[in-house]
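Undergrad: Below: one structure in structure tokens.
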Amino acid sequence: MVDSAPVVVVGAGLAGLRCAQVLGDHGVEVVVLERADHVGGRLHSFSVDGYRIDQGFQLVNPAYPEIVATGALTGFDLRPFPRAVVVRRDGRSLVLADPLRHPGAVVAATRLAPPASWARLALGLARLRVAPARRVVAGLDTTTAEGLRRAGLDDRMVANVVRPFLRGVLLEDPLDTSWAFTRLLAKSFTRGRPSTHPEGIEALARALAARSGAELRLGTRVTGVSARAVTTEDATVAARAVVVATDAHDASALLGTSGVNWRRQFTWWWSTPRVDAPGRLRLDLDDPLTTSALDFAAVAPERAPRGRSLVASPSIEGTAADTGRVRERVARLYGLASADVELVTTTEVARALPRVGPPLVSVRPNVVDGVVLAGDHLTTSSIQGALVSGRRAAATVLAQL
Ligand SMILES: Cc1cc2nc3c(=O)[nH]c(=O)nc-3n(C[C@H](O)[C@H](O)[C@H](O)COP(=O)(O)OP(=O)(O)OC[C@H]3O[C@@H](n4cnc5c(N)ncnc54)[C@H](O)[C@@H]3O)c2cc1C
């Protein structure tokens, strides 16, 4: 019975889809069971009144090696954001950008941090860009806050530039994330421009699903697993092997594995008259609640009705009660009247990123009672990490078969 059964993957997030893709490439029949009515897991997008919203504020970095390996970016309508940031501080807006293209950026930069600190940051990033990933993670790890201190960046640089940026990426503020992981992320930022898609972030998962060739059963919640069978709310499905590719919380419910600490994110999605044609990230140093704002329609006008912008402002501690305050901040960031900033919707992801503390452990055991595990909690909390975990799970299954 079991030899003719498919491999069953629980969860159609990036980890499960990548696992299915690799198994499919080896001629293995795969069935993916997903409780939601869409693929992508934490990569979810939906429409509200003609605006295309992502469930969480997140961007695709096409420099992640594992995304490239999936082939999903071939023919993918990637829309990169410019490498420029507008920082608002003490009521002034300062543009940080390539000084060769924006000569005024040099003056703006020195208002935020001393030239020597900029030189140190630029040199550090240039080295990261060419360093092999294994060298980036080598050596004793520490927290990101401590790593920044040891890197010799002065306090103004950290407070005015690095910390507000990292808050938005790591979704935490003490900066207690692994320094090795932060350096890996910084390396990927030096190599690829964070991007979006006209259909929203879920398009990446759909592109991967299309390449996996696996049978997808959406709306199918798995209630129990063993090494050779999966139980759903309606049936028991025999399997040659079982892969649990859920997040850490759901894996714990199915297998009793240990949980993780989660980073959350709350995002306001605003409609405004068309603003800021280049789509630069805006950092607000005058109000730490709304660290940043980004106009998705600037690079993907399809995501908003004609003539409108879609500005997202994510926060790590905000709630719906802060809407009025955030509206004011967004209006000031873009030089608009508050009445021009209309709320489209808010999104909250309570389990957004599993905490990656030091020391970085990017390969964890992935078999429990004969069941194979995948998911970003086994590697690093990122698109890259989820995809790598899926490929590793496939290798484990192939070895089992
Ligand atoms: C707000 C936010 C911002 C982010 N920003 C970035 C970013 O900018 N860059 C980056 O690289 N990464 C970012 N990430 C991280 C990245 O999205 C995740 O690391 C990655 O998508 C995790 O994929 P996964 O497959 O491991 O898990 P998930 O996406 O959680 O997939 C698990 C799947 O399992 C399904 N499932 C669970 N239980 C069951 C069950 N019992 N039966 C059937 N199905 C089940 C779920 O419905 C889900 O579809 C962000 C994440 C969030 C939420």
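Chain labels follow the order of the structure tokens: the first chain is A, the next B, and so on; residue numbering restarts at 1 in every chain, and ligands are counted from 1 in their shown order.
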I want to know what sits within 6 Å of A:Ala245, based on only C-alpha atoms, with residues of the same chain fewer than 2 positions away left out; could you give that as a list in words?
TA: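 Answer for this query is Val10, Gly11, Ala15, Gly16, Leu373, Ala374 and Gly375 of chain A.
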Undergrad: Tell me, as a ChimeraX atom specification, which residues lie within 7 Å of stretch 151-155 of chain A, counting only C-alpha atoms; anything in the same chain fewer than 4 positions away does not count.
TA: /A:117,147,159
Undergrad: Restricting it to C-alpha atoms, dump the selection as an mmCIF file, in the first residue's frame.
TA:
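Produced file out_35.cif, reproduced below:
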```cif
data_model
loop_
_atom_site.group_PDB
_atom_site.id
_atom_site.type_symbol
_atom_site.label_atom_id
_atom_site.label_comp_id
_atom_site.auth_asym_id
_atom_site.auth_seq_id
_atom_site.Cartn_x
_atom_site.Cartn_y
_atom_site.Cartn_z
ATOM 1 C CA SER A 117 31.096 56.367 10.264
ATOM 2 C CA GLY A 147 27.828 43.298 16.760
ATOM 3 C CA ALA A 159 20.338 55.563 16.199
#
```
Undergrad: Taking a cut-off of 7 Å and counting only C-alpha atoms and all ligand atoms, can you build a table that, for each residue of chain A near ligand 1, reports the nearest atom pair and how far apart they are in Å (one decimal), sorted by chain then residue number, as a tab-separated table?
TA:
```
residue	atom	partner	partner_atom_place_in_ligand_line	distance
A:Val10	CA	ligand 1	43 (C)	5.2
A:Gly11	CA	ligand 1	34 (O)	3.3
A:Ala12	CA	ligand 1	49 (O)	4.7
A:Gly13	CA	ligand 1	31 (O)	3.5
A:Leu14	CA	ligand 1	25 (O)	3.9
A:Ala15	CA	ligand 1	25 (O)	3.7
A:Gly16	CA	ligand 1	25 (O)	5.7
A:Leu33	CA	ligand 1	43 (C)	5.4
A:Glu34	CA	ligand 1	44 (N)	3.8
A:Arg35	CA	ligand 1	43 (C)	4.0
A:Ala36	CA	ligand 1	47 (O)	5.1
A:Val39	CA	ligand 1	49 (O)	6.0
A:Gly40	CA	ligand 1	49 (O)	5.6
A:Gly41	CA	ligand 1	49 (O)	3.1
A:Arg42	CA	ligand 1	29 (O)	3.8
A:Leu43	CA	ligand 1	21 (O)	5.5
A:Gln55	CA	ligand 1	1 (C)	6.9
A:Gly56	CA	ligand 1	1 (C)	3.6
A:Phe57	CA	ligand 1	1 (C)	5.1
A:Gln58	CA	ligand 1	8 (O)	3.9
A:Leu59	CA	ligand 1	8 (O)	4.3
A:Val60	CA	ligand 1	9 (N)	5.9
A:Asn61	CA	ligand 1	11 (O)	6.9
A:Val169	CA	ligand 1	8 (O)	6.4
A:Thr220	CA	ligand 1	43 (C)	5.8
A:Arg221	CA	ligand 1	42 (N)	3.8
A:Val222	CA	ligand 1	42 (N)	3.8
A:Thr223	CA	ligand 1	41 (N)	5.6
A:Ala245	CA	ligand 1	34 (O)	5.8
A:Thr246	CA	ligand 1	34 (O)	3.7
A:Asp247	CA	ligand 1	30 (O)	4.5
A:Asp250	CA	ligand 1	38 (N)	4.9
A:Gln265	CA	ligand 1	1 (C)	5.5
A:Val349	CA	ligand 1	53 (C)	5.8
A:Arg351	CA	ligand 1	53 (C)	6.6
A:Ala352	CA	ligand 1	53 (C)	3.5
A:Leu353	CA	ligand 1	51 (C)	5.6
A:Ala374	CA	ligand 1	26 (O)	6.7
A:Gly375	CA	ligand 1	26 (O)	3.3
A:Asp376	CA	ligand 1	26 (O)	4.0
A:His377	CA	ligand 1	26 (O)	6.7
A:Ser381	CA	ligand 1	19 (O)	4.3
A:Ser382	CA	ligand 1	12 (N)	3.5
A:Ile383	CA	ligand 1	11 (O)	3.7
A:Gln384	CA	ligand 1	11 (O)	5.8
A:Gly385	CA	ligand 1	19 (O)	6.5
A:Ala386	CA	ligand 1	26 (O)	4.4
```
Undergrad: Using only C-alpha atoms, which residue out of A:Val243, A:Leu285, A:Leu128, A:Leu78 lies closest to A:Arg156?
TA: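 Closest to A:Arg156, using only C-alpha atoms: A:Leu285.
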Undergrad: Looking only at the backbone, which of the residues in stretch 216-378 of chain A does DSSP tag as strand (DSSP E or B), as a ChimeraX atom specification?
TA: /A:216-217,222-225,229-232,236-238,241-244,262-273,281-284,292-295,308-315,342-354,367-368,371-373
Undergrad: Give me, please, the distance in Å between atom CA of A:Leu378 and atom CA of A:Leu398, quoted to one decimal.
TA: 18.6 Å
Undergrad: Within 9 Å of A:Arg303, counting only C-alpha atoms, which residues show up once you throw out same-chain ones fewer than 3 positions away? Write them as an NGL selection string, please.
TA: :A and (47 or 50-53 or 197-200 or 296-297 or 300 or 309-310)
Undergrad: Just C-alpha atoms for this one: save the residues we selected as a compact mmCIF listing (two decimals), in the first residue's frame.
TA:
```txt
# COMPACT_ATOMS: atom_id res chain seq x y z
CA SER A 47 -7.81 42.84 -2.67
CA GLY A 50 -9.18 47.94 -5.95
CA TYR A 51 -6.04 47.93 -3.74
CA ARG A 52 -3.79 44.87 -3.66
CA ILE A 53 -2.77 44.30 -0.03
CA HIS A 197 4.93 42.23 -7.61
CA PRO A 198 1.78 43.77 -9.16
CA GLU A 199 -0.28 40.90 -7.71
CA GLY A 200 1.35 41.13 -4.28
CA PHE A 296 3.86 50.16 -3.39
CA ALA A 297 2.00 51.81 -6.28
CA ALA A 300 3.52 48.65 -9.14
CA SER A 309 -0.89 55.56 -4.13
CA LEU A 310 -0.85 52.57 -1.80
```
Undergrad: Measuring atom to atom with only C-alpha atoms, identify which of A:Trp262, A:Tyr64, A:Phe189, A:Phe81 is nearest to A:Val356.
TA: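 For A:Val356, the nearest of the given residues is A:Trp262.
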Undergrad: What's around stretch 100-106 of chain A at 12 Å? Count only C-alpha atoms, leave out sequence neighbours fewer than 6 positions away in its own chain, and write the answer as a tab-separated table (two decimals) with C-alpha atoms, in the first residue's frame.
TA:
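File produced: around.tsv:
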```
chain	number	residue	atom	x	y	z
A	83	ARG	CA	18.11	52.23	-3.48
A	84	ALA	CA	17.27	55.49	-1.73
A	85	VAL	CA	15.77	56.36	1.65
A	86	VAL	CA	14.15	59.57	2.85
A	87	VAL	CA	14.81	60.10	6.55
A	93	SER	CA	13.42	65.34	5.20
A	94	LEU	CA	16.89	64.11	4.23
A	112	LEU	CA	22.71	62.01	10.44
A	113	ALA	CA	26.17	60.58	11.18
A	114	PRO	CA	29.82	61.62	10.87
A	115	PRO	CA	31.61	60.97	7.53
A	118	TRP	CA	29.60	56.39	6.75
A	119	ALA	CA	32.98	55.33	5.37
```
